[in-house]
Every structure is written in C-alpha cells, then in structure tokens.
Amino acid sequence: MTGYKVANGNGTTNGTNGSTNGNKSAEYIAQENPTMCSRDCCSGPGGSRKGNTCTDKKGAKAGSLNTEKIIPTPQSLLGNGKILCEITPEELRALRVLNEDTYPYEVIEEIADFITKGSGMRPKIGIICGSGLGSLADIIQDPKIFEYEKIPNFPVSTVEGHAGRLVVGTLEGATVMAMQGRFHFYEGYPLAKCSMPVRVMKLCGVEYLFATNAAGGINPRFAVGDIMLMHDHVNMLGFAGNSPLQGPNDPRFGPRFPALVNSYNKDLINKAIEIGKAMGIESNIHVGVYSCLGGPNYETIAELKALRMMGVDAVGMSTVHEVITARHCDMKVFAFSLITNKCATEYSDKKDEEANHDEVMAVAKNRQKACCELVARLIREIHSASA
Ligand SMILES: O=P(O)(O)O[C@@H]1C[C@H](O)[C@@H](CO)O1
Ligand SMILES: Nc1nc2[nH]cnc2c(=O)[nH]1
C-alpha cells in the first residue's frame with residue numbers, strides 16, 4: 001500500500017492507514033507523488049514544501065493526481081468533495097478561517113456587518129442562551145433570524161438544546177441579539193472560536209453581555225431549579241494553560257493583559273436580586289461562583305469535592321471564556337446559572353444522583369418562564385435607565 005503523510009499542523013505523520021487529524025489537517029501530501037498539491041503551495045506564503053510547488057498544481061490539474069493516495073480528512077472534503085487545488089480563493093479563505101483557532105479583526109467585522117446590515121439594527125444587549133434556555137430568544141419581538149450555517153465564517157451548533165440561530169430584534173424596548181445555541185470546547189472548537197461571537201456582538205454595538213447556562217449545583221444550599229447569579233468564576237481551563245485570548249493580541253479588541261476582578265457587574269447583580277424579590281422567587285435566587293470544566297463528561301465525586309473546596313458553587317461547561325472575551329473588549333457582564341441538577345459530593349450507588357443531559361434539558365424547560373422574566377425585567381431596567 002502506498003505510504004502517505006497527513007499534515008497535522010504540528011508536523012506530519014507517516015502511515016499506511018487512518019490519519020492523524022489535527023485542527024489544521026486540511027492539507028495532505030502524497031509521499032510518492034510529487035505532483036500533488038498542498039494547501040500551502042496553492043495559497044502562496046510559506047508554501048514551498050519539498051516536492052510541492054505550483055508546478056505540481058499544474059500537474060494535478062492536468063490529471064496526474066493519483067487519488068488513491070489521498071487520505072481524505074473532514075476538512076479536505078469540505079467544498080462538496082472538491083480537493084483544495086480546485087477550490088476558489090474565496091472558498092479557500094473561508095476554509096482557512098474555519099480551520100483557524102483565532103479570527104482576525106477584519107473577519108469579525110465582516111460577520112458583524114452581515115448581521116447589522118441584514119437586520120437593519122445595532123443591538124445594545126447580547127444574550128447567550130444556555131442549554132434548554134433557547135426560549136430567551138423566543139421572546140424577542142420583530143425578530144430577524146440568522147441560521148449559523150448561513151452566516152459567513154460562523155461555526156455551527158452541534159449540541160441538543162442549542163438551536164444554532166442568531167436572533168436580532170427588540171426586547172422591552174431595547175435592541176438585542178441572542179445566540180440560540182453556543183459553542184462549547186467539548187464540541188472540538190478552540191476557546192477563541194467558542195467565544196468569537198462575543199466579539200461579533202461587540203462590533204455590532206453590544207455593550208452588555210447576558211450569558212446564561214445550565215449548571216450542576218455544588219453548594220448544598222442550592223436546589224434544582226434555583227438561579228445562581230454569577231459574581232465570580234474559577235477558570236479551570238485557564239489553570240491548564242488555555243484561554244480564549246491566547247495568541248497574538250489585537251488591541252482593537254482590548255489589552256494584552258486584561259484584569260478580571262469585578263468582571264460581573266455589581267449593579268446588575270443587585271438589580272437582579274431586587275427583580276427576584278419582586279417576582280416572589282427570592283428564596284430561589286443565590287449569588288455564587290461558577291466554574292467551567294472542559295466536558296463533555298460530567299464530574300467525578302473527587303473533582304466535585306475539590307471544586308467545592310475551591311469555593312465553587314456551580315459547575316458547567318461554558319460561559320467563563322465568553323466572559324473573559326467580553327471583559328477583554330470592555331463589555332458589561334451579567335451572567336447566571338440555572339441549577340439543573342444537584343452534584344453529588346459523597347459516594348453512593350444511587351443512579352438518580354448521576355447528572356444527565358435529559359434532566360438538564362427538562363429542568364431548563366420547566367424554569368424557562370422564570371428565566372425569561374428575569375432577563376426581560378433586567379433589560380427593561382437597563383433600557384429605561386439609558387432612555
Ligand atoms: O451551554 P450550557 O453551559 O448551558 O450547557 C451545559 C453544559 C453542557 O453543554 C450541557 C450538559 O448537560 O449543559
Ligand atoms: N460540568 C457540568 N455541566 C453541567 N451542566 C449541567 N449540569 C452540569 C453538571 O453537573 N456538570
């Protein structure tokens with residue numbers, strides 16, 4: 001069988017079956033067929049790989065390509081199965097952006113223009129709907145809806161309970177945009193990509209980020225269905241050296257070293273507490289610390305005990321990197337967790353103490369009315385204060 005190399009962004013891997021598929025594996029190089037074209041070769045800069053020049057491209061076009069030697073990767077098959085040599089410059093650029101970990105300012109600007117021009121609105125408040133909380137976007141009036149897959153260079157949602165639409169419209173008089181579906185690290189997206197829409201929101205004109213999530217309650221005082229207003233977080237992925245701000249910093253978004261104390265706006269937390277009282281649900285409202293783990297697995301008892309010792313009240317798989325990105329570009333942040341399950345912190349054989357996504361979705365569905373009312377009332381206050 002013919003040998004091959006699959007470029008994986010960290011070097012290349014030799015083999016005769018399967019592929020080593022890194023994030024940047026859209027290029028592949030035939031070892032025994034120097035006429036095959038690589039992505040670098042096609043796209044110019046940095047493209048002078050041994051045995052792969054633009055002459056090779058001509059050879060490939062002329063039909064000397066031995067397709068049996070190509071190991072297709074998911075990325076290589078993008079573009080209706082066309083190989084990269086046949087992709088137009090526009091398709092190639094889109095493909096590169098999809099494969100990149102970071103998005104240049106200009107690309108974010110293009111996405112923001114697409115949304116503001118397409119909707120005819122410049123939203124002031126951005127909402128990220130947590131698992132099962134998509135109904136937060138359903139209460140938006142006169143909505144203009146953008147399916148993620150139709151937004152240029154936008155990722156797609158892959159998780160149940162995350163519809164994959166951006167909804168722009170008005171809520172309590174304010175112009176808002178809501179992500180009905182967020183991107184998670186466990187879906188395979190790097191953190192910068194997970195939180196890229198926050199930068200899109202910023203360039204659309206958004207000043208306030210409302211981030212919501214479904215989370216497991218670690219604090220023993222929390223009951224299923226309670227709402228925890230986030231006043232701080234523990235960035236576990238950050239402890240492991242991962243951040244949405246990794247890589248070159250573009251000062252048009254914010255500083256290289258942003259401070260994160262006071263990330264969660266105290267005025268908005270206090271207003272939300274007042275609103276909770278007015279709604280008669282003050283006993284279900286708490287203020288606490290959230291932590292995001294990478295997922296998709298839920299936590300072990302030992303992990304939950306460790307988180308509790310660190311002062312974490314609720315644990316999830318999102319939000320923290322969105323908040324970091326929002327604070328980096330100086331947005332005001334309000335965030336809450338809907339407690340969808342109680343996390344067990346003692347060993348037990350009881351099956352019903354295990355977290356599961358169906359339960360998460362069911363609780364979110366049951367509590368969506370209260371969550372929508374809290375968000376709507378808070379937006380009304382922000383809007384009337386600025387009018
Ligand atoms: O998107 P969020 O953080 O609300 O969703 C949480 C984390 C996982 O995606 C899911 C697990 O049930 O709920
Ligand atoms: N990591 C994590 N995410 C959740 N999302 C909803 N519940 C949970 C949970 O218990 N743990």
# chains A, B, ... in the order shown; residues from 1 in each chain; ligands from 1
call {"tool": "residues_near_ligand", "arguments": {"ligand": "ligand 2", "cutoff": "10 Å", "atoms": "only C-alpha atoms and all ligand atoms", "output": "PyMOL selection string"}}
result
chain A and resi 130-131+213-218+291-300+304+314-318+337-344+354-361+363-364
call {"tool": "select_by_dssp", "arguments": {"residues": "region 204-382 of chain A", "states": "helix (DSSP H, G or I)", "output": "ChimeraX atom specification"}}
result
/A:204,236-239,266-278,282-284,301-309,320-328,351-353,357-382
call {"tool": "closest_residue", "arguments": {"among": "A:Asn249, A:Ser243, A:Gln180, A:Ser119", "to": "ligand 1", "atoms": "only C-alpha atoms and all ligand atoms"}}
result
A:Gln180
call {"tool": "select_by_dssp", "arguments": {"residues": "region 62-291 of chain A", "states": "strand (DSSP E)", "output": "ChimeraX atom specification"}}
result
/A:125-128,141-147,165-171,174-180,208-217,227-235,285-291
call {"tool": "write_last_selection", "arguments": {"atoms": "C-alpha atoms", "output": "PDB file, in the first residue's frame"}}
result
ATOM      1  CA  ILE A 125     -27.552  43.906  24.597  1.00  0.00           C
ATOM      2  CA  GLY A 126     -26.247  40.457  23.689  1.00  0.00           C
ATOM      3  CA  ILE A 127     -27.763  37.296  25.157  1.00  0.00           C
ATOM      4  CA  ILE A 128     -26.253  33.818  25.125  1.00  0.00           C
ATOM      5  CA  GLN A 141     -40.081  40.918  19.138  1.00  0.00           C
ATOM      6  CA  ASP A 142     -39.860  41.522  15.389  1.00  0.00           C
ATOM      7  CA  PRO A 143     -37.032  39.044  15.161  1.00  0.00           C
ATOM      8  CA  LYS A 144     -34.593  38.828  12.285  1.00  0.00           C
ATOM      9  CA  ILE A 145     -33.217  35.308  12.350  1.00  0.00           C
ATOM     10  CA  PHE A 146     -29.819  34.225  11.062  1.00  0.00           C
ATOM     11  CA  GLU A 147     -29.119  30.499  10.915  1.00  0.00           C
ATOM     12  CA  ARG A 165     -29.569  30.698  15.292  1.00  0.00           C
ATOM     13  CA  LEU A 166     -28.797  34.316  15.961  1.00  0.00           C
ATOM     14  CA  VAL A 167     -31.915  36.314  16.702  1.00  0.00           C
ATOM     15  CA  VAL A 168     -31.876  40.116  16.446  1.00  0.00           C
ATOM     16  CA  GLY A 169     -34.846  42.241  17.493  1.00  0.00           C
ATOM     17  CA  THR A 170     -36.313  44.185  20.398  1.00  0.00           C
ATOM     18  CA  LEU A 171     -36.983  43.184  23.964  1.00  0.00           C
ATOM     19  CA  ALA A 174     -34.070  47.575  23.823  1.00  0.00           C
ATOM     20  CA  THR A 175     -32.423  46.290  20.675  1.00  0.00           C
ATOM     21  CA  VAL A 176     -30.914  42.897  21.447  1.00  0.00           C
ATOM     22  CA  MET A 177     -29.214  39.986  19.756  1.00  0.00           C
ATOM     23  CA  ALA A 178     -29.388  36.476  21.134  1.00  0.00           C
ATOM     24  CA  MET A 179     -27.376  33.375  20.413  1.00  0.00           C
ATOM     25  CA  GLN A 180     -29.837  30.497  20.442  1.00  0.00           C
ATOM     26  CA  TYR A 208     -23.987  44.421  27.771  1.00  0.00           C
ATOM     27  CA  LEU A 209     -23.464  40.667  27.661  1.00  0.00           C
ATOM     28  CA  PHE A 210     -26.093  38.467  29.315  1.00  0.00           C
ATOM     29  CA  ALA A 211     -24.653  34.944  29.496  1.00  0.00           C
ATOM     30  CA  THR A 212     -26.794  32.096  30.801  1.00  0.00           C
ATOM     31  CA  ASN A 213     -26.020  28.451  31.376  1.00  0.00           C
ATOM     32  CA  ALA A 214     -27.282  25.201  32.800  1.00  0.00           C
ATOM     33  CA  ALA A 215     -25.082  24.039  35.660  1.00  0.00           C
ATOM     34  CA  GLY A 216     -24.757  21.469  38.382  1.00  0.00           C
ATOM     35  CA  GLY A 217     -25.207  22.803  41.910  1.00  0.00           C
ATOM     36  CA  ILE A 227     -30.911  30.501  39.780  1.00  0.00           C
ATOM     37  CA  MET A 228     -27.366  31.418  40.739  1.00  0.00           C
ATOM     38  CA  LEU A 229     -26.303  34.923  39.763  1.00  0.00           C
ATOM     39  CA  MET A 230     -22.614  34.684  38.930  1.00  0.00           C
ATOM     40  CA  HIS A 231     -20.416  37.088  40.826  1.00  0.00           C
ATOM     41  CA  ASP A 232     -17.127  35.347  40.038  1.00  0.00           C
ATOM     42  CA  HIS A 233     -15.665  32.306  38.358  1.00  0.00           C
ATOM     43  CA  VAL A 234     -12.822  29.801  38.661  1.00  0.00           C
ATOM     44  CA  ASN A 235     -11.307  29.264  35.237  1.00  0.00           C
ATOM     45  CA  ILE A 285     -32.002  33.163  43.847  1.00  0.00           C
ATOM     46  CA  HIS A 286     -28.404  32.895  45.023  1.00  0.00           C
ATOM     47  CA  VAL A 287     -25.180  34.676  44.267  1.00  0.00           C
ATOM     48  CA  GLY A 288     -22.173  32.450  43.714  1.00  0.00           C
ATOM     49  CA  VAL A 289     -19.075  31.258  41.922  1.00  0.00           C
ATOM     50  CA  TYR A 290     -19.217  29.259  38.690  1.00  0.00           C
ATOM     51  CA  SER A 291     -16.535  27.070  37.223  1.00  0.00           C
TER      52      SER A 291
END
call {"tool": "residues_around", "arguments": {"residues": "Pro197 (chain A)", "least_positions_apart": "5", "cutoff": "12 Å", "atoms": "only C-alpha atoms", "output": "PDB file with C-alpha atoms, in the first residue's frame"}}
result
ATOM      1  CA  THR A 102      -8.305  32.770  16.047  1.00  0.00           C
ATOM      2  CA  TYR A 103     -10.339  35.142  13.917  1.00  0.00           C
ATOM      3  CA  VAL A 107     -13.288  38.716   9.613  1.00  0.00           C
ATOM      4  CA  ILE A 108     -15.206  39.525  12.811  1.00  0.00           C
ATOM      5  CA  GLU A 109     -16.039  42.920  11.306  1.00  0.00           C
ATOM      6  CA  ILE A 111     -19.640  38.976  10.246  1.00  0.00           C
ATOM      7  CA  ALA A 112     -20.854  41.944  12.313  1.00  0.00           C
ATOM      8  CA  ILE A 115     -25.708  40.958  10.853  1.00  0.00           C
ATOM      9  CA  GLY A 126     -26.247  40.457  23.689  1.00  0.00           C
ATOM     10  CA  ILE A 127     -27.763  37.296  25.157  1.00  0.00           C
ATOM     11  CA  ILE A 128     -26.253  33.818  25.125  1.00  0.00           C
ATOM     12  CA  TYR A 148     -25.497  29.949  11.945  1.00  0.00           C
ATOM     13  CA  ILE A 151     -23.560  33.406   8.494  1.00  0.00           C
ATOM     14  CA  ASN A 153     -17.335  32.084   8.711  1.00  0.00           C
ATOM     15  CA  PHE A 154     -19.582  31.142  11.641  1.00  0.00           C
ATOM     16  CA  PRO A 155     -19.248  27.785  13.435  1.00  0.00           C
ATOM     17  CA  VAL A 156     -22.280  25.513  13.744  1.00  0.00           C
ATOM     18  CA  ARG A 165     -29.569  30.698  15.292  1.00  0.00           C
ATOM     19  CA  LEU A 166     -28.797  34.316  15.961  1.00  0.00           C
ATOM     20  CA  MET A 177     -29.214  39.986  19.756  1.00  0.00           C
ATOM     21  CA  ALA A 178     -29.388  36.476  21.134  1.00  0.00           C
ATOM     22  CA  MET A 179     -27.376  33.375  20.413  1.00  0.00           C
ATOM     23  CA  GLN A 180     -29.837  30.497  20.442  1.00  0.00           C
ATOM     24  CA  GLY A 181     -27.043  27.973  20.763  1.00  0.00           C
ATOM     25  CA  ARG A 182     -23.496  28.469  21.938  1.00  0.00           C
ATOM     26  CA  PHE A 183     -20.245  26.759  21.105  1.00  0.00           C
ATOM     27  CA  LEU A 191     -11.856  28.516  23.172  1.00  0.00           C
ATOM     28  CA  ALA A 192     -11.256  31.528  20.920  1.00  0.00           C
ATOM     29  CA  LYS A 202     -19.093  43.927  20.331  1.00  0.00           C
ATOM     30  CA  LEU A 203     -18.627  45.063  16.730  1.00  0.00           C
ATOM     31  CA  CYS A 204     -22.403  45.016  16.237  1.00  0.00           C
ATOM     32  CA  VAL A 206     -23.368  45.458  22.035  1.00  0.00           C
ATOM     33  CA  LEU A 209     -23.464  40.667  27.661  1.00  0.00           C
ATOM     34  CA  ALA A 211     -24.653  34.944  29.496  1.00  0.00           C
ATOM     35  CA  PRO A 244      -9.680  32.421  24.554  1.00  0.00           C
ATOM     36  CA  HIS A 321     -14.344  32.039  28.185  1.00  0.00           C
ATOM     37  CA  GLU A 322     -17.249  34.150  26.891  1.00  0.00           C
ATOM     38  CA  VAL A 323     -16.993  36.381  29.952  1.00  0.00           C
ATOM     39  CA  THR A 325     -13.672  37.729  25.940  1.00  0.00           C
ATOM     40  CA  ALA A 326     -16.415  40.195  26.860  1.00  0.00           C
TER      41      ALA A 326
END
call {"tool": "closest_residue", "arguments": {"among": "A:Ala335, A:Leu136, A:Val261, A:Met196", "to": "Leu245 (chain A)", "atoms": "only C-alpha atoms"}}
result
A:Met196
call {"tool": "residues_around", "arguments": {"residues": "Arg327 (chain A)", "least_positions_apart": "4", "cutoff": "8 Å", "atoms": "only C-alpha atoms", "output": "PDB file with C-alpha atoms, in the first residue's frame"}}
result
ATOM      1  CA  PRO A 258      -6.806  42.296  30.939  1.00  0.00           C
ATOM      2  CA  LEU A 260     -10.710  40.213  35.600  1.00  0.00           C
ATOM      3  CA  SER A 263     -15.888  41.083  35.877  1.00  0.00           C
ATOM      4  CA  VAL A 323     -16.993  36.381  29.952  1.00  0.00           C
ATOM      5  CA  MET A 331     -18.456  44.860  27.823  1.00  0.00           C
ATOM      6  CA  LYS A 332     -20.572  44.910  30.985  1.00  0.00           C
ATOM      7  CA  VAL A 333     -21.371  41.356  32.018  1.00  0.00           C
TER       8      VAL A 333
END
call {"tool": "closest_residue", "arguments": {"among": "A:Glu160, A:Glu346, A:Glu149, A:Glu90", "to": "ligand 1", "atoms": "only C-alpha atoms and all ligand atoms"}}
result
A:Glu160
call {"tool": "closest_residue", "arguments": {"among": "A:Ala223, A:Met309, A:Ile140, A:Val159", "to": "ligand 1", "atoms": "only C-alpha atoms and all ligand atoms"}}
result
A:Val159
call {"tool": "atom_distance", "arguments": {"atom1": "CA of Ser384 (chain A)", "atom2": "CA of Cys129 (chain A)"}}
result
23.1 Å
call {"tool": "closest_residue", "arguments": {"among": "A:Gly164, A:Pro104, A:Gly173, A:Gly238", "to": "ligand 1", "atoms": "only C-alpha atoms and all ligand atoms"}}
result
A:Gly164
